[in-house]
Structure formats: structure tokens, C-alpha cells
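Read the structure below first, then the notes.
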Amino acid sequence: MPRLFGTDGVRGLANRDITAELAVDLAVAAAHVLAQRGEFSGHRPRAIVGRDTRVSGQFLSAAVSSGLASAGIDVLDVGVLPTPGIAHVTAAMDADIGVVISASHNPMPDNGIKFFARGGHKLDDAVEETIEAQIGESWQRPLGADVGTISDASAMGERYVNHLVGAVATFAGEAHPLTGVTLVVDAAHGAASVVGAAALTAAGATVHLINASPDGYNINDGVGSTHLGPLQAAVVEHSADMGVAFDGDADRCLAVDHEGEVVNGDAIMGLLALAMNSKGSLYHSTLVATVMSNLGLHRAMRDAGIDIVESAVGDRYVLEAMREGGFTLGGEQSGHIIVSDYSTTGDGVLTALLLGAQVKAAGSLRDQCATIHVLPQVLINVPGADRSKVNTDRILQDAVAAARKELGDNGRVLLRSSGTEPLVRVMVEASTKEDAERHAEALAAVVADRLCS
């Protein structure tokens with residue numbers, strides 16, 4: 001039986017894979033496992049539950065809250081709030097557990113359930129495995145006054161906004177560090193539809209808000225960080241200094257400069273690393289990035305005297321590497337940016353605030369990103385591949401070695417097995433797009449020939 005938990009909680013098609021029954025069972029199992037591990041404090045256990053704007057989030061958050069309350073945990077329901085906001089409130093309220101109902105950047109029919117431990121940190125793999133194993137086990141049900149309560153805590157959104165505004169003020173050293181900066185914000189009809197613009201405006205920015213009318217069905221639908229066209233057009237239309245786009249749960253952020261050119265997560269990480277290093281807040285002058293980050297980022301950081309620690313793909317693995325080394329900045333090309341001085345997880349709205357502050361302090365986003373020359377990168381997914389043979393098939397490995405030899409120091413080749421699907425990802429970077437495409441297509445053909453039945 002496949003593992004229920006993936007790299008970002010439990011995710012699937014709402015009401016088929018992610019059902020109300022599963023939500024109740026997961027909540028009960030999580031409560032029991034965390035109690036057994038001694039994670040609950042001496043007082044009556046307390047949980048924070050929140051969601052993004054999907055219509056299915058309504059019944060799933062109700063089911064999770066019911067499961068937690070039936071296990072004797074008091075629930076504070078914060079309603080619609082970004083994932084990093086729920087993590088922050090979990091830590092700020094000293095709650096014993098946080099639960100997010102969201103499928104992030106996935107389309108509306110999907111949904112998911114992920115947990116935070118005390119302090120707003122994601123659960124380790126081993127804890128998730130124990131929770132999964134406990135589903136359906138018999139348990140001692142609390143009775144009478146020992147049953148948990150469920151309370152409306154939607155006002156916590158304001159607390160999160162205040163935290164964000166305070167964070168960027170600390171980063172920039174002034175109370176309203178975005179004064180004079182004009183931004184377009186694409187909220188993806190998601191969880192940041194209210195708090196995103198509120199935080200940026202409170203920090204002094206002039207905000208043009210688009211795609212912030214969630215109806216339960218339009219989240220991520222042709223908008224947000226996975227569809228940047230509307231943002232690019234709006235930035236040019238409004239003659240804005242920059243634009244930012246969030247995904248459905250606002251744990252990631254991508255940007256465009258004043259000419260509408262895309263600024264991806266690698267460029268954002270590089271820009272923030274340079275800024276933090278100059279302020280002395282980049283611990284050990286080190287950035288944590290995944291193996292998918294562009295060679296251009298590595299070169300720019302090397303030239304600036306900044307080291308890069310590589311992690312596996314997935315923001316949880318970036319976080320693990322950051323926590324192990326005490327590092328203060330990490331992220332992914334997709335726009336998950338983690339600044340540990342202010343957040344325990346990727347935070348799209350925080351990223352937007354820090355970028356805006358940098359534009360105010362150091363000039364246009366385009367000029368600042370000029371030092372980070374991103375090499376053309378081509379990614380091809382080969383479906384139906386036997387992932388177990390990626391590193392053992394001799395002919396495939398010989399083809400990879402030949403491509404790497406030809407590219408030399410001017411490119412990079414990476415073959416990576418998907419953690420959730422039967423496919424192999426072929427990624428090639430080169431000095432020109434033509435070279436990257438040529439090598440990627442050739443290697444994808446070898447993968448298909450050798451690993452696909």
C-alpha cells in the first residue's frame with residue numbers, strides 16, 4: 001500500500017482521496033501520536049486549524065476540528081489564512097498542533113491535510129509514519145468535560161499581518177520600508193486574498209490587487225504563481241515597480257520586474273542572500289538551495305563569497321538542512337523562500353515584503369537581479385519510467401556522463417526520480433537554450449528507451 005503522507009502532507013482529490021472520514025481519522029491519530037510522544041504541554045491541548053479558499057476546505061476543516069475535539073483537544077479555527085500564517089499562529093499561541101487544509105498550487109478539485117508541531121514546524125517523516133500507522137486503531141474516548149471545544153479565531157489573521165509588518169520593518173530598519181513602491185499583487189484567488197494586500201499596504205506600498213475574489217472554485221485557475229501572464233500584463237499596465245504572485249496557500253512567491261520579466265525563486269533567493277549577507281544576518285554566509293537550483297545562482301553566490309548547501313527537492317528538506325546548520329535563508333526555484341529569523345516555513349507574503357523593501361532601498365528589481373545570470377534550463381518529465389534503475393542503468397549513466405563532459409563548466413545535468421509519480425525528471429542547464437534542449441531531449445529519449453516498458 002502506498003504511503004499516505006507525501007512531501008507536503010496528505011494530498012489528493014477532495015471527497016475521493018481526501019474524505020471527511022479520512023480527515024477525522026487523521027486528526028484523531030495525530031492527537032494520539034503527539035500525546036504519546038509527550039508533545040502536549042501540561043495544560044489542556046490546543047490546536048490551530050485553518051484552510052485555503054477551496055470549497056472542499058469547508059467540510060474538511062470541520063472534519064479535522066471534529067476529530068481533534070473528540071480526542072480532547074480545544075480547537076481554534078482561524079478560517080482562511082495562508083499556510084505560513086497558520087504556522088505563525090501555532091507558534092505564537094503556543095498551540096500543541098497546527099493543521100492546514102490546502103493543496104497549495106494544485107487545481108481546485110484537489111485538497112490536502114498537513115500538520116505542524118508546537119512552534120509551527122512541520123512534522124518529521126517518522127512522526128507522519130507513526131500517525132499513518134495509528135489510523136483506525138482503537139482508543140479511549142474522552143467523555144463529558146474532557147471533550148474538546150471548537151472556537152472561532154478568525155481574528156488571528158490580523159495578528160499575522162502585524163507580525164509580517166514588524167518583520168519587514170526589522171529587516172529594513174524602518175517602520176514603513178515600502179513607502180513609494182508600487183506593486184501589483186496576484187493573490188491566485190487564494191488564502192492571501194485579504195492578508196497579502198493588507199500587509200504590503202501597512203508596510204507603505206501602493207498595491208494594485210488582482211485575482212483576489214475567491215468563490216471556492218477559482219483558486220489557482222489560470223492565475224497566481226503558476227500562471228504569471230496576468231501579473232506580467234498588469235505590472236506593465238499600471239507602470240508598477242514590480243509584481244508578486246502567490247499560490248493558493250501563499251507559501252510561495254514569484255515576482256516580475258517593472259518590464260514584466262519573470263524573477264524566479266533562484267533569483268529571489270540570490271537577491272535576498274546578498275542583502276542579508278551585507279546586513280550580517282546570513283548565518284555563516286550560507287544559502288540553502290535544492291539540487292534543482294540554477295548553476296547561475298551558484299556562480300553568483302560564489303563570486304559574492306556566499307556558500308550554498310544543497311538539499312533534496314521539497315521545502316521540508318530545505319527546512320531540515322536549515323535547522324541542522326542553523327542557517328537563516330533557504331528556498332526553492334518554485335518560490336518557496338524561508339527566512340528563519342521571521343518564519344518557520346516558506347512564506348510568500350513575507351518574501352514579497354522583503355523584495356519590496358529591497359527595491360525601495362537598492363533600486364529596481366531588474367538591476368539587482370543582473371548579477372544573478374540564470375542559465376537556460378530545460379526540464380523534461382518522462383512518464384512510465386522505472387525509477388529504481390535511474391542510477392544503475394549503465395547505458396543511461398554513460399549518456400549522462402557524455403553530456404556532462406560536453407557541457408563542462410558551462411552546464412549541468414540532473415536526473416531525478418519523482419517522489420510521487422512513476423516518472424523521471426531530466427534537467428539540463430547550458431549556456432544556450434538550444435544546447436539545453438538538445439541534451440535534455442537526447443537524455444529523455446535514453447530514459448524512455450532504457451527505463452520504460
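Ordering of the C-alpha cells sets the chain letters (A, B, ...); residue numbers start at 1 within each chain; ligands are numbered from 1 in the order shown.
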I need the strand (DSSP E or B) residues of stretch 288-400 of chain A per DSSP on the backbone, written as a PyMOL selection string. chain A and resi 288-290+307-311+329-331+337-339+377-383+385
Taking 6 positions as the minimum chain separation for residues in the same chain, which residues sit within 6 Å of A:Gly331 when counting only C-alpha atoms? Answer as a ChimeraX atom specification. /A:289,337-338
Need to verify the contact set: A:Ser293, 12 Å, only C-alpha atoms, exclusion of same-chain residues closer than 6 positions in sequence. Can you return it as number ranges by chain? A: 264-270, 287, 299, 301, 308-314, 318, 330-336, 374-377, 412-414, 427-429
Deliver the residues from the most recent selection as a file, using C-alpha atoms, as a short mmCIF file (atom, residue, chain, number, x, y, z; two decimals), in the first residue's frame.
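The resulting file, again-v7.cif, is shown below:
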```cif
data_model
loop_
_atom_site.label_atom_id
_atom_site.label_comp_id
_atom_site.auth_asym_id
_atom_site.auth_seq_id
_atom_site.Cartn_x
_atom_site.Cartn_y
_atom_site.Cartn_z
CA ASN A 264 12.01 33.14 -10.23
CA GLY A 265 12.84 31.66 -6.84
CA ASP A 266 16.55 31.29 -7.60
CA ALA A 267 16.88 34.98 -8.41
CA ILE A 268 14.81 35.94 -5.36
CA MET A 269 17.00 33.77 -3.10
CA GLY A 270 20.15 35.23 -4.59
CA LEU A 287 22.30 29.83 1.48
CA ARG A 299 28.14 31.17 -9.66
CA MET A 301 26.88 33.28 -4.75
CA ILE A 308 25.45 27.04 -0.93
CA VAL A 309 24.32 23.94 0.95
CA GLU A 310 22.26 21.67 -1.30
CA SER A 311 19.17 19.75 -0.16
CA ALA A 312 16.74 17.36 -1.81
CA VAL A 313 13.79 18.89 -3.65
CA GLY A 314 10.95 19.93 -1.34
CA VAL A 318 15.30 22.77 2.74
CA GLY A 330 16.84 28.84 2.04
CA GLY A 331 14.39 28.04 -0.67
CA GLU A 332 13.41 26.58 -3.99
CA GLN A 333 13.28 27.73 -7.58
CA SER A 334 9.47 27.47 -7.38
CA GLY A 335 9.34 30.37 -4.93
CA HIS A 336 9.30 28.66 -1.52
CA VAL A 374 20.31 32.44 -14.71
CA LEU A 375 21.35 29.85 -17.30
CA PRO A 376 18.73 28.41 -19.68
CA GLN A 377 17.21 25.36 -18.01
CA ARG A 412 24.71 20.85 -15.62
CA VAL A 413 22.76 17.59 -15.92
CA LEU A 414 20.44 16.14 -13.29
CA MET A 427 17.00 18.60 -16.17
CA VAL A 428 19.75 20.21 -18.26
CA GLU A 429 21.30 23.67 -17.98
#
```
Measuring between only C-alpha atoms, which one of A:Ala192, A:Leu60, A:Ala362, A:Ala30 shows the shortest distance to A:Ala117? A:Ala30
So that I can check the surroundings of A:Asn218, please list as an mmCIF file with C-alpha atoms, in the first residue's frame every protein, DNA and RNA residue that reaches within 8 Å of it, counting only C-alpha atoms and ignoring chain neighbours fewer than 4 positions away.
```cif
data_model
loop_
_atom_site.group_PDB
_atom_site.id
_atom_site.type_symbol
_atom_site.label_atom_id
_atom_site.label_comp_id
_atom_site.auth_asym_id
_atom_site.auth_seq_id
_atom_site.Cartn_x
_atom_site.Cartn_y
_atom_site.Cartn_z
ATOM 1 C CA MET A 108 -9.352 23.352 -7.110
ATOM 2 C CA HIS A 189 -7.974 33.784 -5.546
ATOM 3 C CA PRO A 214 -12.249 33.698 -4.213
#
```
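Residues in contact range of A:Ile113, defined as at most 8 Å between only C-alpha atoms, with sequence neighbours fewer than 2 positions away removed, read Gly9, Val10, Arg11, Ala23, Val99, Val100, Ile101, Ser102, Ala103, Asn111 and Phe115 of chain A.
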Pull C-alpha atoms from the residues just selected and write them as a short mmCIF file (atom, residue, chain, number, x, y, z; two decimals), in the first residue's frame.
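Output (selection-v9.cif):
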```
data_model
loop_
_atom_site.label_atom_id
_atom_site.label_comp_id
_atom_site.auth_asym_id
_atom_site.auth_seq_id
_atom_site.Cartn_x
_atom_site.Cartn_y
_atom_site.Cartn_z
CA GLY A 9 1.21 16.24 3.96
CA VAL A 10 -1.64 14.13 2.59
CA ARG A 11 -2.95 15.31 -0.74
CA ALA A 23 -9.81 13.87 7.92
CA VAL A 99 -3.44 21.79 10.86
CA VAL A 100 -3.64 23.26 7.35
CA ILE A 101 -6.33 22.25 4.86
CA SER A 102 -4.84 23.09 1.48
CA ALA A 103 -3.47 21.65 -1.76
CA ASN A 111 -7.14 19.31 -1.35
CA PHE A 115 0.30 19.19 10.32
#
```
So which residues touch A:Asp25 within 9 Å, counting only C-alpha atoms, skipping near sequence neighbours fewer than 4 positions away, as a list in words? Ala20, Glu21, Ala29, Ala30, Val64, Gly67, Gln134, Ile135 and Gly136 of chain A
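Nearest to A:Arg425 of all the residues A:Ala402, A:Val382, A:Val390, A:Thr206 is A:Val382, based on only C-alpha atoms.
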Residues at most 8 Å from stretch 203-205 of chain A, counting only C-alpha atoms, excluding those fewer than 5 positions away in the same chain, as a PyMOL selection string? chain A and resi 165+168-169+175-183+353
Selection from above, C-alpha atoms, as an mmCIF file, in the first residue's frame, can you write it?
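Below you can see again-v7.cif, which holds the result:
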```cif
data_model
loop_
_atom_site.group_PDB
_atom_site.id
_atom_site.type_symbol
_atom_site.label_atom_id
_atom_site.label_comp_id
_atom_site.auth_asym_id
_atom_site.auth_seq_id
_atom_site.Cartn_x
_atom_site.Cartn_y
_atom_site.Cartn_z
ATOM 1 C CA VAL A 165 4.812 44.209 9.015
ATOM 2 C CA VAL A 168 9.954 43.663 7.263
ATOM 3 C CA ALA A 169 10.443 46.736 9.451
ATOM 4 C CA ALA A 175 8.791 51.463 10.111
ATOM 5 C CA HIS A 176 7.341 51.770 6.590
ATOM 6 C CA PRO A 177 10.043 50.366 4.319
ATOM 7 C CA LEU A 178 7.863 50.059 1.189
ATOM 8 C CA THR A 179 6.752 53.688 1.039
ATOM 9 C CA GLY A 180 6.962 54.873 -2.555
ATOM 10 C CA VAL A 181 6.962 51.349 -4.029
ATOM 11 C CA THR A 182 4.095 50.411 -6.340
ATOM 12 C CA LEU A 183 3.280 46.728 -6.649
ATOM 13 C CA LEU A 353 7.593 42.364 1.623
#
```
Nearest to A:Glu437 among A:Val378, A:Leu423, A:Arg3, A:Gln397, with distances taken over only C-alpha atoms: which residue is it? A:Val378
DSSP helix (DSSP H, G or I) residues within stretch 275-388 of chain A, listed as a PyMOL selection string: chain A and resi 275-279+283-285+295-303+315-325+348-362+365-369+387-388
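One distance worth recording is that between atom CA of A:Ile306 and atom CA of A:Ser278, which is 10.8 Å.
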